[in-house]
Protein chains: 2
Amino acid sequence: MWYENKLTQDLGIKYPIIQAGMAGGTTTPELVAAVSNSGGLGTLGAGYMSPEQTKEAIQEIKQLTGQPFGVNIFIPEIPDVSEETIEKANEWLRPFREELQLTEPEIKKQAASLFEKQIAIILEERVPVCSFTFGVPAKDIIRKLKKENIVVIGTATTVREAIINEEIGMDMVVMQGSEAGGHRGTFSGPFEKAMIGTMSLIPQAVDHVNIPVIAAGGIMDGRGVLAALTLGAGAAQMGTAFVTSQESGAKKQQKEAILNGTEEEPMITSVFSGKPARGIQNEFMERMAEYENELPDYPVQNALTKEIRSEAARQNRPEWLHLWSGQSPRLSKGQPASVIISDIIAQVNDIIKER
Amino acid sequence: MWYENKLTQDLGIKYPIIQAGMAGGTTTPELVAAVSNSGGLGTLGAGYMSPEQTKEAIQEIKQLTGQPFGVNIFIPEIPDVSEETIEKANEWLRPFREELQLTEPEIKKQAASLFEKQIAIILEERVPVCSFTFGVPAKDIIRKLKKENIVVIGTATTVREAIINEEIGMDMVVMQGSEAGGHRGTFSGPFEKAMIGTMSLIPQAVDHVNIPVIAAGGIMDGRGVLAALTLGAGAAQMGTAFVTSQESGAKKQQKEAILNGTEEEPMITSVFSGKPARGIQNEFMERMAEYENELPDYPVQNALTKEIRSEAARQNRPEWLHLWSGQSPRLSKGQPASVIISDIIAQVNDIIKER
């Protein structure tokens with residue numbers, strides 16, 4: 001059958017469909033479990049979670065499914081940001097804070113220990129799959145996870161990054177095409193050179209690594225999944241398609257923006273987090289664009305805008321909220337995750353039957 | 001069979017493979033005929049040709065093939081460029097001209113009549129297929145061509161542009177994904193919003209127009225062609241794959257840059273022509289980047305740099321030459337066009353058989 005391959009076998013899943021581990025509350029335990037129960041691989045986006053939240057969510061997922069699932073975590077980045085840079089950013093953000101009646105937040109330095117603690121929880125909870133974004137971890141972490149039979153998956157945006165992932169010992173690698181929504185996973189070189197479309201990226205990566213490649217970026221339905229497999233990928237990873245799913249914990253403004261969006265709206269911006277990400281163009285992006293190159297690096301800018309974004313959501317002001325989306329919003333449907341997956345399978349079967 | 005559909009029937013070709021009508025000497029009559037004789041649709045890129053050259057090339061193609069072929073022409077653009085803008089551009093280009101021992105060229109205003117004359121030749125020569133780039137022609141031109149049973153094909157980079165093409169009466173539309181090499185075909189709105197990856201662009205276009213869609217951008221082999229059909233396209237159009245073919249008239253420096261290139265090198269630039277295009281990053285692009293937003297619009301800047309580029313090629317200085325390429329240079333092979341096509345067919349058959 002078209003859906004059986006080394007990757008599905010290694011992951012112990014039926015269908016080569018992976019729900020992206022989007023951070024920030026989108027990947028509720030209900031969503032992760034629904035995807036895994038439908039034969040795909042659900043993934044908890046634990047990037048912004050505390051160790052306690054990570055552990056609790058994993059335990060909830062286990063209550064909801066006996067099938068394999070993954071946890072995605074971020075490789076820590078501790079940039080050297082000056083006080084002056086932060087002060088300037090705060091000045092530019094002041095008009096938004098004033099209108100939302102917010103005060104300046106205190107910035108805690110991101111603790112590298114969060115990452116170590118999350119790894120410890122993943123080992124302890126024997127999570128079936130651990131995926132990484134924003135770089136690769138130290139080799140001994142990979143070794144420890146693999147020793148416990150945890151499948152490790154990296155993220156890359158160029159062939160070079162795919163090779164780095166293979167060499168460090170990743171079992172599989174997600175190739176994130178330029179169509180993808182949310183943060184760019186680029187960790188080696190300028191992000192502009194790593195804006196490679198999925199149609200170009202997948203076959204070139206497949207030709208240069210021996211581990212299974214997972215295609216990401218622009219894939220929303222059976223056509224995209226089968227196209228990804230045709231390009232040589234072992235599976236397709238979908239983010240935006242699941243953001244609007246009924247089980248998703250994404251803000252309703254983000255869901256609505258995607259459901260009503262067109263392919264011309266999601267643009268790359270660093271103004272929300274200090275790291276390039278694709279989201280539906282809005283007023284915050286436009287007003288902050290002129291300062292884009294002077295803002296503090298991720299995750300400092302992310303911390304500076306966090307309250308603005310959550311308060312903007314609360315006050316129903318989507319124009320100041322990050323509306324992450326890939327380039328295929330017209331293909332979003334707002335169904336339950338199980339229907340998204342069964343529709344994909346039916347569509348692929350139809351395409352193959354017609355040939 | 002997988003290769004039979006409405007598009008191949010309407011075009012009278014065997015395989016859903018179209019060689020892009022790249023302007024500037026790449027599409028020799030030998031290349032066009034080789035593609036058509038191999039069951040695809042060869043296309044003469046007549047964008048920069050005089051009426052005489054256009055007619056002569058068409059007649060040569062007819063000597064070499066009895067199969068259908070196309071001619072691609074540019075919708076004329078006559079931008080309002082001030083003398084001051086041209087003077088500034090000439091000043092920035094002076095160092096290149098001095099080193100190449102060139103004088104300032106005289107700029108002739110592009111004659112809109114070139115377009116009318118090319119249309120007259122296409123009608124007179126009963127060219128089977130006429131495709132357009134950089135916009136749509138007046139409705140009565142489409143009508144005249146269709147009356148003579150000439151298939152008309154437009155170019156679009158967004159769903160909106162696809163709909164414009166359908167409404168004006170195009171028989172088919174090429175959807176140019178962001179991966180594509182050479183000039184962006186965007187004609188409606190800022191090009192940045194129309195940088196949509198092929199994986200996203202094709203299914204969204206297919207869902208919104210009733211005419212056959214031709215997928216372009218990043219497609220180089222059987223995997224790409226079958227992926228494009230899977231996304232709903234009626235055919236794949238390939239440019240870069242044929243630039244390095246043995247019959248191609250592209251400069252040897254461009255062929256070598258593609259054959260040795262990686263997916264991280266082809267970047268979007270307007271410095272060669274005044275219009276955004278994707279080419280392998282080189283010194284000319286880097287040195288001129290700071291003036292990019294102040295340069296004269298296409299086709300004026302194109303005329304200003306024309307001699308610099310041809311002289312740079314003659315003096316074997318690829319660092320100052322436009323090295324147009326899509327994002328899949330690693331997939332280029334430098335074979336004869338007939339082998340490129342037969343390899344694609346064999347690869348597609350293999351993929352389908354394995355399912």
# chains A, B, ... in the order shown; residues from 1 in each chain; ligands from 1
>>> interface_residues(of="chain B", to="chain A", cutoff="9 Å", atoms="only C-alpha atoms", output="short mmCIF file (atom, residue, chain, number, x, y, z; two decimals) with N, CA and C atoms, in the first residue's frame")
data_model
loop_
_atom_site.label_atom_id
_atom_site.label_comp_id
_atom_site.auth_asym_id
_atom_site.auth_seq_id
_atom_site.Cartn_x
_atom_site.Cartn_y
_atom_site.Cartn_z
N MET B 1 -3.69 5.97 -19.05
CA MET B 1 -2.31 6.21 -18.60
C MET B 1 -2.20 7.54 -17.84
N TRP B 2 -1.23 7.60 -16.95
CA TRP B 2 -1.06 8.79 -16.11
C TRP B 2 -0.84 10.06 -16.92
N TYR B 3 -0.31 9.92 -18.15
CA TYR B 3 0.06 11.12 -18.91
C TYR B 3 -1.06 11.63 -19.82
N THR B 158 -0.42 34.04 -8.61
CA THR B 158 -1.37 33.97 -7.49
C THR B 158 -2.70 33.45 -8.04
N VAL B 159 -3.57 33.05 -7.15
CA VAL B 159 -4.90 32.60 -7.55
C VAL B 159 -5.64 33.74 -8.26
N GLY B 177 5.44 28.96 -9.38
CA GLY B 177 5.76 28.95 -7.96
C GLY B 177 7.02 29.72 -7.66
N SER B 178 7.24 30.01 -6.37
CA SER B 178 8.38 30.84 -5.96
C SER B 178 9.72 30.18 -6.24
N GLU B 179 9.73 28.86 -6.45
CA GLU B 179 10.99 28.17 -6.73
C GLU B 179 11.56 28.52 -8.10
N GLU B 192 6.38 40.48 -3.80
CA GLU B 192 6.66 39.79 -2.53
C GLU B 192 5.46 38.95 -2.07
N LYS B 193 4.28 39.46 -2.31
CA LYS B 193 3.07 38.73 -1.88
C LYS B 193 2.77 37.57 -2.82
N ALA B 194 3.46 37.54 -3.93
CA ALA B 194 3.22 36.50 -4.94
C ALA B 194 4.38 35.51 -4.99
N MET B 195 5.12 35.40 -3.89
CA MET B 195 6.20 34.40 -3.81
C MET B 195 5.63 33.15 -3.13
N ILE B 196 4.75 32.46 -3.84
CA ILE B 196 4.04 31.31 -3.27
C ILE B 196 4.71 30.02 -3.76
N GLY B 197 5.08 29.16 -2.85
CA GLY B 197 5.71 27.89 -3.25
C GLY B 197 4.77 27.04 -4.09
N THR B 198 5.36 26.28 -5.00
CA THR B 198 4.58 25.45 -5.93
C THR B 198 3.63 24.50 -5.19
N MET B 199 4.09 23.94 -4.08
CA MET B 199 3.25 23.00 -3.31
C MET B 199 1.96 23.67 -2.82
N SER B 200 2.05 24.94 -2.49
CA SER B 200 0.86 25.70 -2.06
C SER B 200 0.06 26.22 -3.24
N LEU B 201 0.77 26.72 -4.23
CA LEU B 201 0.11 27.44 -5.33
C LEU B 201 -0.78 26.56 -6.20
N PRO B 203 -2.52 23.46 -5.86
CA PRO B 203 -3.87 23.02 -5.48
C PRO B 203 -4.84 24.19 -5.25
N GLN B 204 -4.33 25.32 -4.74
CA GLN B 204 -5.22 26.47 -4.52
C GLN B 204 -5.71 27.04 -5.84
N ASP B 207 -8.30 24.67 -7.50
CA ASP B 207 -9.62 24.77 -6.87
C ASP B 207 -10.40 26.01 -7.31
N GLY B 217 8.05 25.70 -11.37
CA GLY B 217 8.82 26.12 -10.20
C GLY B 217 9.38 24.94 -9.45
N GLY B 218 10.67 24.66 -9.64
CA GLY B 218 11.35 23.62 -8.87
C GLY B 218 11.26 22.23 -9.45
N ILE B 219 10.56 22.07 -10.57
CA ILE B 219 10.33 20.73 -11.15
C ILE B 219 11.47 20.39 -12.12
N MET B 220 12.13 19.27 -11.86
CA MET B 220 13.32 18.93 -12.67
C MET B 220 13.34 17.48 -13.13
N GLY B 222 11.23 13.20 -12.84
CA GLY B 222 9.97 12.47 -12.78
C GLY B 222 9.23 12.65 -11.47
N ARG B 223 9.99 12.76 -10.38
CA ARG B 223 9.35 12.98 -9.08
C ARG B 223 8.56 14.28 -9.10
N GLY B 224 9.17 15.34 -9.62
CA GLY B 224 8.52 16.64 -9.68
C GLY B 224 7.32 16.65 -10.61
N LEU B 226 5.42 14.09 -11.56
CA LEU B 226 4.28 13.33 -11.00
C LEU B 226 3.69 14.05 -9.78
N ALA B 227 4.54 14.70 -8.99
CA ALA B 227 4.03 15.48 -7.86
C ALA B 227 3.13 16.61 -8.36
N ALA B 228 3.53 17.27 -9.43
CA ALA B 228 2.73 18.37 -10.00
C ALA B 228 1.37 17.86 -10.45
N LEU B 229 1.36 16.72 -11.14
CA LEU B 229 0.08 16.13 -11.59
C LEU B 229 -0.76 15.74 -10.38
N THR B 230 -0.10 15.23 -9.35
CA THR B 230 -0.81 14.82 -8.13
C THR B 230 -1.48 16.03 -7.46
N LEU B 231 -0.84 17.18 -7.53
CA LEU B 231 -1.41 18.39 -6.94
C LEU B 231 -2.60 18.91 -7.76
N GLY B 232 -2.81 18.33 -8.93
CA GLY B 232 -3.96 18.72 -9.74
C GLY B 232 -3.62 19.41 -11.04
N THR B 262 23.88 24.86 -5.63
CA THR B 262 23.06 24.26 -4.58
C THR B 262 21.77 25.07 -4.43
N GLU B 263 20.84 24.51 -3.68
CA GLU B 263 19.54 25.14 -3.51
C GLU B 263 19.61 26.46 -2.74
N GLU B 264 20.75 26.74 -2.09
CA GLU B 264 20.85 27.97 -1.30
C GLU B 264 21.30 29.17 -2.13
N GLU B 265 21.72 28.94 -3.37
CA GLU B 265 22.34 30.01 -4.16
C GLU B 265 21.40 30.87 -4.99
N PRO B 266 20.37 30.31 -5.60
CA PRO B 266 19.52 31.16 -6.46
C PRO B 266 18.65 32.10 -5.62
N MET B 267 18.88 33.40 -5.79
CA MET B 267 18.16 34.40 -5.00
C MET B 267 17.39 35.34 -5.94
N GLY B 326 16.33 28.16 -11.10
CA GLY B 326 15.35 27.86 -10.07
C GLY B 326 16.05 27.29 -8.84
N GLN B 327 15.24 26.83 -7.86
CA GLN B 327 15.81 26.40 -6.58
C GLN B 327 16.25 24.93 -6.55
N SER B 328 16.25 24.26 -7.70
CA SER B 328 16.64 22.84 -7.70
C SER B 328 17.89 22.55 -8.52
N PRO B 329 18.93 23.39 -8.44
CA PRO B 329 20.08 23.15 -9.32
C PRO B 329 20.75 21.80 -9.09
N ARG B 330 20.64 21.26 -7.87
CA ARG B 330 21.27 19.96 -7.62
C ARG B 330 20.68 18.85 -8.48
N LEU B 331 19.48 19.09 -9.05
CA LEU B 331 18.84 18.05 -9.86
C LEU B 331 19.18 18.18 -11.34
N ILE B 351 7.75 4.95 -10.25
CA ILE B 351 7.08 5.36 -9.00
C ILE B 351 5.68 4.75 -8.95
N ILE B 352 4.96 4.82 -10.08
CA ILE B 352 3.59 4.32 -10.11
C ILE B 352 3.57 2.80 -9.94
N GLU B 354 5.64 0.96 -8.33
CA GLU B 354 5.98 0.55 -6.96
C GLU B 354 4.84 0.67 -5.96
N ARG B 355 3.78 1.39 -6.34
CA ARG B 355 2.68 1.60 -5.39
C ARG B 355 1.77 0.39 -5.28
#
>>> select_by_dssp(residues="segment 138-176 of chain B", states="alpha helix (DSSP H)", output="ChimeraX atom specification")
/B:139-147,159-168
>>> atom_distance(atom1="atom CA of Glu307 of chain B", atom2="atom CA of Ser270 of chain B")
16.7 Å
>>> select_by_dssp(residues="segment 161-343 of chain B", states="strand (DSSP E or B)", output="JSON, numbers by chain")
{"B": [172, 173, 174, 175, 176, 182, 183, 213, 214, 215, 216, 235, 236, 237, 238, 266, 267, 268, 269, 277, 278, 279, 280, 324]}
>>> residues_around(residues="segment 182-185 of chain A", least_positions_apart="3", cutoff="6 Å", atoms="only C-alpha atoms", output="list in words")
Thr133, Phe134, Pro276, Ala277, Arg278 and Trp324 of chain A
>>> write_last_selection(atoms="C-alpha atoms", output="PDB file, in the first residue's frame")
ATOM      1  CA  THR A 133      13.571  22.575  16.220  1.00  0.00           C
ATOM      2  CA  PHE A 134      16.102  25.462  15.977  1.00  0.00           C
ATOM      3  CA  PRO A 276      11.659  34.878  11.083  1.00  0.00           C
ATOM      4  CA  ALA A 277       8.215  33.274  10.996  1.00  0.00           C
ATOM      5  CA  ARG A 278       5.339  33.168   8.532  1.00  0.00           C
ATOM      6  CA  TRP A 324       0.917  32.034  12.011  1.00  0.00           C
TER       7      TRP A 324
END
>>> atom_distance(atom1="atom CA of Glu161 of chain B", atom2="atom CA of Pro137 of chain B")
13.1 Å
>>> residues_around(residues="Arg317 of chain A", least_positions_apart="4", cutoff="12 Å", atoms="only C-alpha atoms", output="PyMOL selection string")
chain A and resi 96+99-100+251-254+257+282-284+308-313+321-323
>>> closest_residue(among="A:Gln315, A:Ser325, A:Thr27, A:Asn302", to="Ile268 of chain A", atoms="only C-alpha atoms")
A:Ser325
>>> decode(residues="segment 103-139 of chain A", atoms="N, CA, C and O atoms", output="PDB file, in the first residue's frame")
ATOM      1  N   THR A 103       1.877  46.919  31.277  1.00  0.00           N
ATOM      2  CA  THR A 103       3.157  47.499  31.686  1.00  0.00           C
ATOM      3  C   THR A 103       4.303  46.704  31.068  1.00  0.00           C
ATOM      4  O   THR A 103       4.097  45.623  30.535  1.00  0.00           O
ATOM      5  N   GLU A 104       5.499  47.289  31.163  1.00  0.00           N
ATOM      6  CA  GLU A 104       6.673  46.597  30.611  1.00  0.00           C
ATOM      7  C   GLU A 104       6.935  45.315  31.384  1.00  0.00           C
ATOM      8  O   GLU A 104       6.960  45.320  32.608  1.00  0.00           O
ATOM      9  N   PRO A 105       7.168  44.220  30.672  1.00  0.00           N
ATOM     10  CA  PRO A 105       7.429  42.963  31.386  1.00  0.00           C
ATOM     11  C   PRO A 105       8.876  42.899  31.848  1.00  0.00           C
ATOM     12  O   PRO A 105       9.748  43.568  31.300  1.00  0.00           O
ATOM     13  N   GLU A 106       9.100  42.093  32.877  1.00  0.00           N
ATOM     14  CA  GLU A 106      10.485  41.806  33.262  1.00  0.00           C
ATOM     15  C   GLU A 106      10.961  40.630  32.431  1.00  0.00           C
ATOM     16  O   GLU A 106      10.241  39.643  32.285  1.00  0.00           O
ATOM     17  N   ILE A 107      12.156  40.749  31.891  1.00  0.00           N
ATOM     18  CA  ILE A 107      12.654  39.683  31.027  1.00  0.00           C
ATOM     19  C   ILE A 107      13.538  38.741  31.828  1.00  0.00           C
ATOM     20  O   ILE A 107      14.592  39.116  32.331  1.00  0.00           O
ATOM     21  N   LYS A 108      13.066  37.505  31.919  1.00  0.00           N
ATOM     22  CA  LYS A 108      13.911  36.482  32.537  1.00  0.00           C
ATOM     23  C   LYS A 108      14.766  35.857  31.453  1.00  0.00           C
ATOM     24  O   LYS A 108      14.274  35.566  30.375  1.00  0.00           O
ATOM     25  N   LYS A 109      16.039  35.672  31.729  1.00  0.00           N
ATOM     26  CA  LYS A 109      16.893  34.970  30.764  1.00  0.00           C
ATOM     27  C   LYS A 109      16.376  33.543  30.645  1.00  0.00           C
ATOM     28  O   LYS A 109      16.084  32.892  31.653  1.00  0.00           O
ATOM     29  N   GLN A 110      16.267  33.075  29.382  1.00  0.00           N
ATOM     30  CA  GLN A 110      15.784  31.714  29.182  1.00  0.00           C
ATOM     31  C   GLN A 110      16.796  30.742  29.782  1.00  0.00           C
ATOM     32  O   GLN A 110      17.981  30.798  29.498  1.00  0.00           O
ATOM     33  N   ALA A 111      16.294  29.855  30.610  1.00  0.00           N
ATOM     34  CA  ALA A 111      17.190  28.910  31.263  1.00  0.00           C
ATOM     35  C   ALA A 111      17.474  27.742  30.331  1.00  0.00           C
ATOM     36  O   ALA A 111      16.554  27.094  29.851  1.00  0.00           O
ATOM     37  N   ALA A 112      18.747  27.475  30.073  1.00  0.00           N
ATOM     38  CA  ALA A 112      19.111  26.312  29.265  1.00  0.00           C
ATOM     39  C   ALA A 112      18.628  25.059  29.971  1.00  0.00           C
ATOM     40  O   ALA A 112      18.405  24.023  29.353  1.00  0.00           O
ATOM     41  N   SER A 113      18.444  25.171  31.288  1.00  0.00           N
ATOM     42  CA  SER A 113      18.051  23.985  32.041  1.00  0.00           C
ATOM     43  C   SER A 113      16.639  23.507  31.684  1.00  0.00           C
ATOM     44  O   SER A 113      16.309  22.358  31.906  1.00  0.00           O
ATOM     45  N   LEU A 114      15.805  24.402  31.080  1.00  0.00           N
ATOM     46  CA  LEU A 114      14.480  23.962  30.637  1.00  0.00           C
ATOM     47  C   LEU A 114      14.629  22.786  29.684  1.00  0.00           C
ATOM     48  O   LEU A 114      13.948  21.769  29.804  1.00  0.00           O
ATOM     49  N   PHE A 115      15.547  22.948  28.752  1.00  0.00           N
ATOM     50  CA  PHE A 115      15.783  21.908  27.751  1.00  0.00           C
ATOM     51  C   PHE A 115      16.198  20.590  28.414  1.00  0.00           C
ATOM     52  O   PHE A 115      15.651  19.533  28.124  1.00  0.00           O
ATOM     53  N   GLU A 116      17.157  20.683  29.333  1.00  0.00           N
ATOM     54  CA  GLU A 116      17.641  19.471  30.024  1.00  0.00           C
ATOM     55  C   GLU A 116      16.490  18.806  30.788  1.00  0.00           C
ATOM     56  O   GLU A 116      16.350  17.583  30.777  1.00  0.00           O
ATOM     57  N   LYS A 117      15.673  19.647  31.429  1.00  0.00           N
ATOM     58  CA  LYS A 117      14.547  19.086  32.193  1.00  0.00           C
ATOM     59  C   LYS A 117      13.529  18.416  31.277  1.00  0.00           C
ATOM     60  O   LYS A 117      12.959  17.378  31.616  1.00  0.00           O
ATOM     61  N   GLN A 118      13.283  19.055  30.110  1.00  0.00           N
ATOM     62  CA  GLN A 118      12.335  18.443  29.173  1.00  0.00           C
ATOM     63  C   GLN A 118      12.858  17.102  28.657  1.00  0.00           C
ATOM     64  O   GLN A 118      12.103  16.142  28.530  1.00  0.00           O
ATOM     65  N   ILE A 119      14.149  17.043  28.379  1.00  0.00           N
ATOM     66  CA  ILE A 119      14.751  15.772  27.936  1.00  0.00           C
ATOM     67  C   ILE A 119      14.570  14.708  29.030  1.00  0.00           C
ATOM     68  O   ILE A 119      14.178  13.565  28.743  1.00  0.00           O
ATOM     69  N   ALA A 120      14.808  15.106  30.267  1.00  0.00           N
ATOM     70  CA  ALA A 120      14.669  14.150  31.383  1.00  0.00           C
ATOM     71  C   ALA A 120      13.233  13.619  31.455  1.00  0.00           C
ATOM     72  O   ALA A 120      13.006  12.421  31.659  1.00  0.00           O
ATOM     73  N   ILE A 121      12.251  14.522  31.257  1.00  0.00           N
ATOM     74  CA  ILE A 121      10.844  14.096  31.296  1.00  0.00           C
ATOM     75  C   ILE A 121      10.525  13.148  30.144  1.00  0.00           C
ATOM     76  O   ILE A 121       9.843  12.130  30.330  1.00  0.00           O
ATOM     77  N   ILE A 122      11.024  13.472  28.964  1.00  0.00           N
ATOM     78  CA  ILE A 122      10.777  12.623  27.778  1.00  0.00           C
ATOM     79  C   ILE A 122      11.341  11.220  28.002  1.00  0.00           C
ATOM     80  O   ILE A 122      10.703  10.218  27.654  1.00  0.00           O
ATOM     81  N   LEU A 123      12.522  11.165  28.622  1.00  0.00           N
ATOM     82  CA  LEU A 123      13.139   9.862  28.927  1.00  0.00           C
ATOM     83  C   LEU A 123      12.316   9.112  29.977  1.00  0.00           C
ATOM     84  O   LEU A 123      11.988   7.942  29.809  1.00  0.00           O
ATOM     85  N   GLU A 124      11.976   9.839  31.022  1.00  0.00           N
ATOM     86  CA  GLU A 124      11.238   9.276  32.146  1.00  0.00           C
ATOM     87  C   GLU A 124       9.866   8.763  31.712  1.00  0.00           C
ATOM     88  O   GLU A 124       9.428   7.683  32.112  1.00  0.00           O
ATOM     89  N   GLU A 125       9.188   9.566  30.883  1.00  0.00           N
ATOM     90  CA  GLU A 125       7.840   9.206  30.428  1.00  0.00           C
ATOM     91  C   GLU A 125       7.868   8.256  29.234  1.00  0.00           C
ATOM     92  O   GLU A 125       6.821   7.857  28.746  1.00  0.00           O
ATOM     93  N   ARG A 126       9.057   7.944  28.768  1.00  0.00           N
ATOM     94  CA  ARG A 126       9.208   7.054  27.593  1.00  0.00           C
ATOM     95  C   ARG A 126       8.305   7.491  26.448  1.00  0.00           C
ATOM     96  O   ARG A 126       7.526   6.703  25.900  1.00  0.00           O
ATOM     97  N   VAL A 127       8.422   8.761  26.104  1.00  0.00           N
ATOM     98  CA  VAL A 127       7.683   9.301  24.961  1.00  0.00           C
ATOM     99  C   VAL A 127       8.209   8.611  23.702  1.00  0.00           C
ATOM    100  O   VAL A 127       9.421   8.512  23.515  1.00  0.00           O
ATOM    101  N   PRO A 128       7.332   8.115  22.838  1.00  0.00           N
ATOM    102  CA  PRO A 128       7.820   7.334  21.683  1.00  0.00           C
ATOM    103  C   PRO A 128       8.716   8.109  20.712  1.00  0.00           C
ATOM    104  O   PRO A 128       9.633   7.549  20.135  1.00  0.00           O
ATOM    105  N   VAL A 129       8.419   9.418  20.536  1.00  0.00           N
ATOM    106  CA  VAL A 129       9.152  10.201  19.530  1.00  0.00           C
ATOM    107  C   VAL A 129       9.528  11.565  20.099  1.00  0.00           C
ATOM    108  O   VAL A 129       8.691  12.231  20.725  1.00  0.00           O
ATOM    109  N   CYS A 130      10.769  11.978  19.876  1.00  0.00           N
ATOM    110  CA  CYS A 130      11.193  13.312  20.308  1.00  0.00           C
ATOM    111  C   CYS A 130      11.715  14.074  19.097  1.00  0.00           C
ATOM    112  O   CYS A 130      12.641  13.610  18.417  1.00  0.00           O
ATOM    113  N   SER A 131      11.108  15.228  18.808  1.00  0.00           N
ATOM    114  CA  SER A 131      11.604  16.021  17.673  1.00  0.00           C
ATOM    115  C   SER A 131      12.145  17.356  18.149  1.00  0.00           C
ATOM    116  O   SER A 131      11.758  17.866  19.203  1.00  0.00           O
ATOM    117  N   PHE A 132      13.072  17.892  17.353  1.00  0.00           N
ATOM    118  CA  PHE A 132      13.803  19.107  17.732  1.00  0.00           C
ATOM    119  C   PHE A 132      13.638  20.197  16.677  1.00  0.00           C
ATOM    120  O   PHE A 132      13.569  19.904  15.489  1.00  0.00           O
ATOM    121  N   THR A 133      13.590  21.429  17.133  1.00  0.00           N
ATOM    122  CA  THR A 133      13.571  22.575  16.220  1.00  0.00           C
ATOM    123  C   THR A 133      14.607  23.593  16.684  1.00  0.00           C
ATOM    124  O   THR A 133      14.930  23.645  17.870  1.00  0.00           O
ATOM    125  N   PHE A 134      15.121  24.391  15.741  1.00  0.00           N
ATOM    126  CA  PHE A 134      16.102  25.462  15.977  1.00  0.00           C
ATOM    127  C   PHE A 134      17.508  24.929  16.249  1.00  0.00           C
ATOM    128  O   PHE A 134      18.273  25.550  17.002  1.00  0.00           O
ATOM    129  N   GLY A 135      17.835  23.786  15.640  1.00  0.00           N
ATOM    130  CA  GLY A 135      19.203  23.288  15.775  1.00  0.00           C
ATOM    131  C   GLY A 135      19.239  21.836  16.144  1.00  0.00           C
ATOM    132  O   GLY A 135      18.225  21.136  16.092  1.00  0.00           O
ATOM    133  N   VAL A 136      20.418  21.371  16.477  1.00  0.00           N
ATOM    134  CA  VAL A 136      20.576  19.972  16.897  1.00  0.00           C
ATOM    135  C   VAL A 136      21.171  19.947  18.299  1.00  0.00           C
ATOM    136  O   VAL A 136      21.967  20.806  18.655  1.00  0.00           O
ATOM    137  N   PRO A 137      20.754  18.965  19.103  1.00  0.00           N
ATOM    138  CA  PRO A 137      21.288  18.857  20.470  1.00  0.00           C
ATOM    139  C   PRO A 137      22.667  18.186  20.451  1.00  0.00           C
ATOM    140  O   PRO A 137      23.123  17.740  19.402  1.00  0.00           O
ATOM    141  N   ALA A 138      23.284  18.112  21.601  1.00  0.00           N
ATOM    142  CA  ALA A 138      24.573  17.417  21.713  1.00  0.00           C
ATOM    143  C   ALA A 138      24.359  15.934  21.418  1.00  0.00           C
ATOM    144  O   ALA A 138      23.283  15.382  21.655  1.00  0.00           O
ATOM    145  N   LYS A 139      25.426  15.322  20.899  1.00  0.00           N
ATOM    146  CA  LYS A 139      25.357  13.917  20.484  1.00  0.00           C
ATOM    147  C   LYS A 139      24.942  12.988  21.612  1.00  0.00           C
ATOM    148  O   LYS A 139      24.231  11.997  21.401  1.00  0.00           O
TER     149      LYS A 139
END
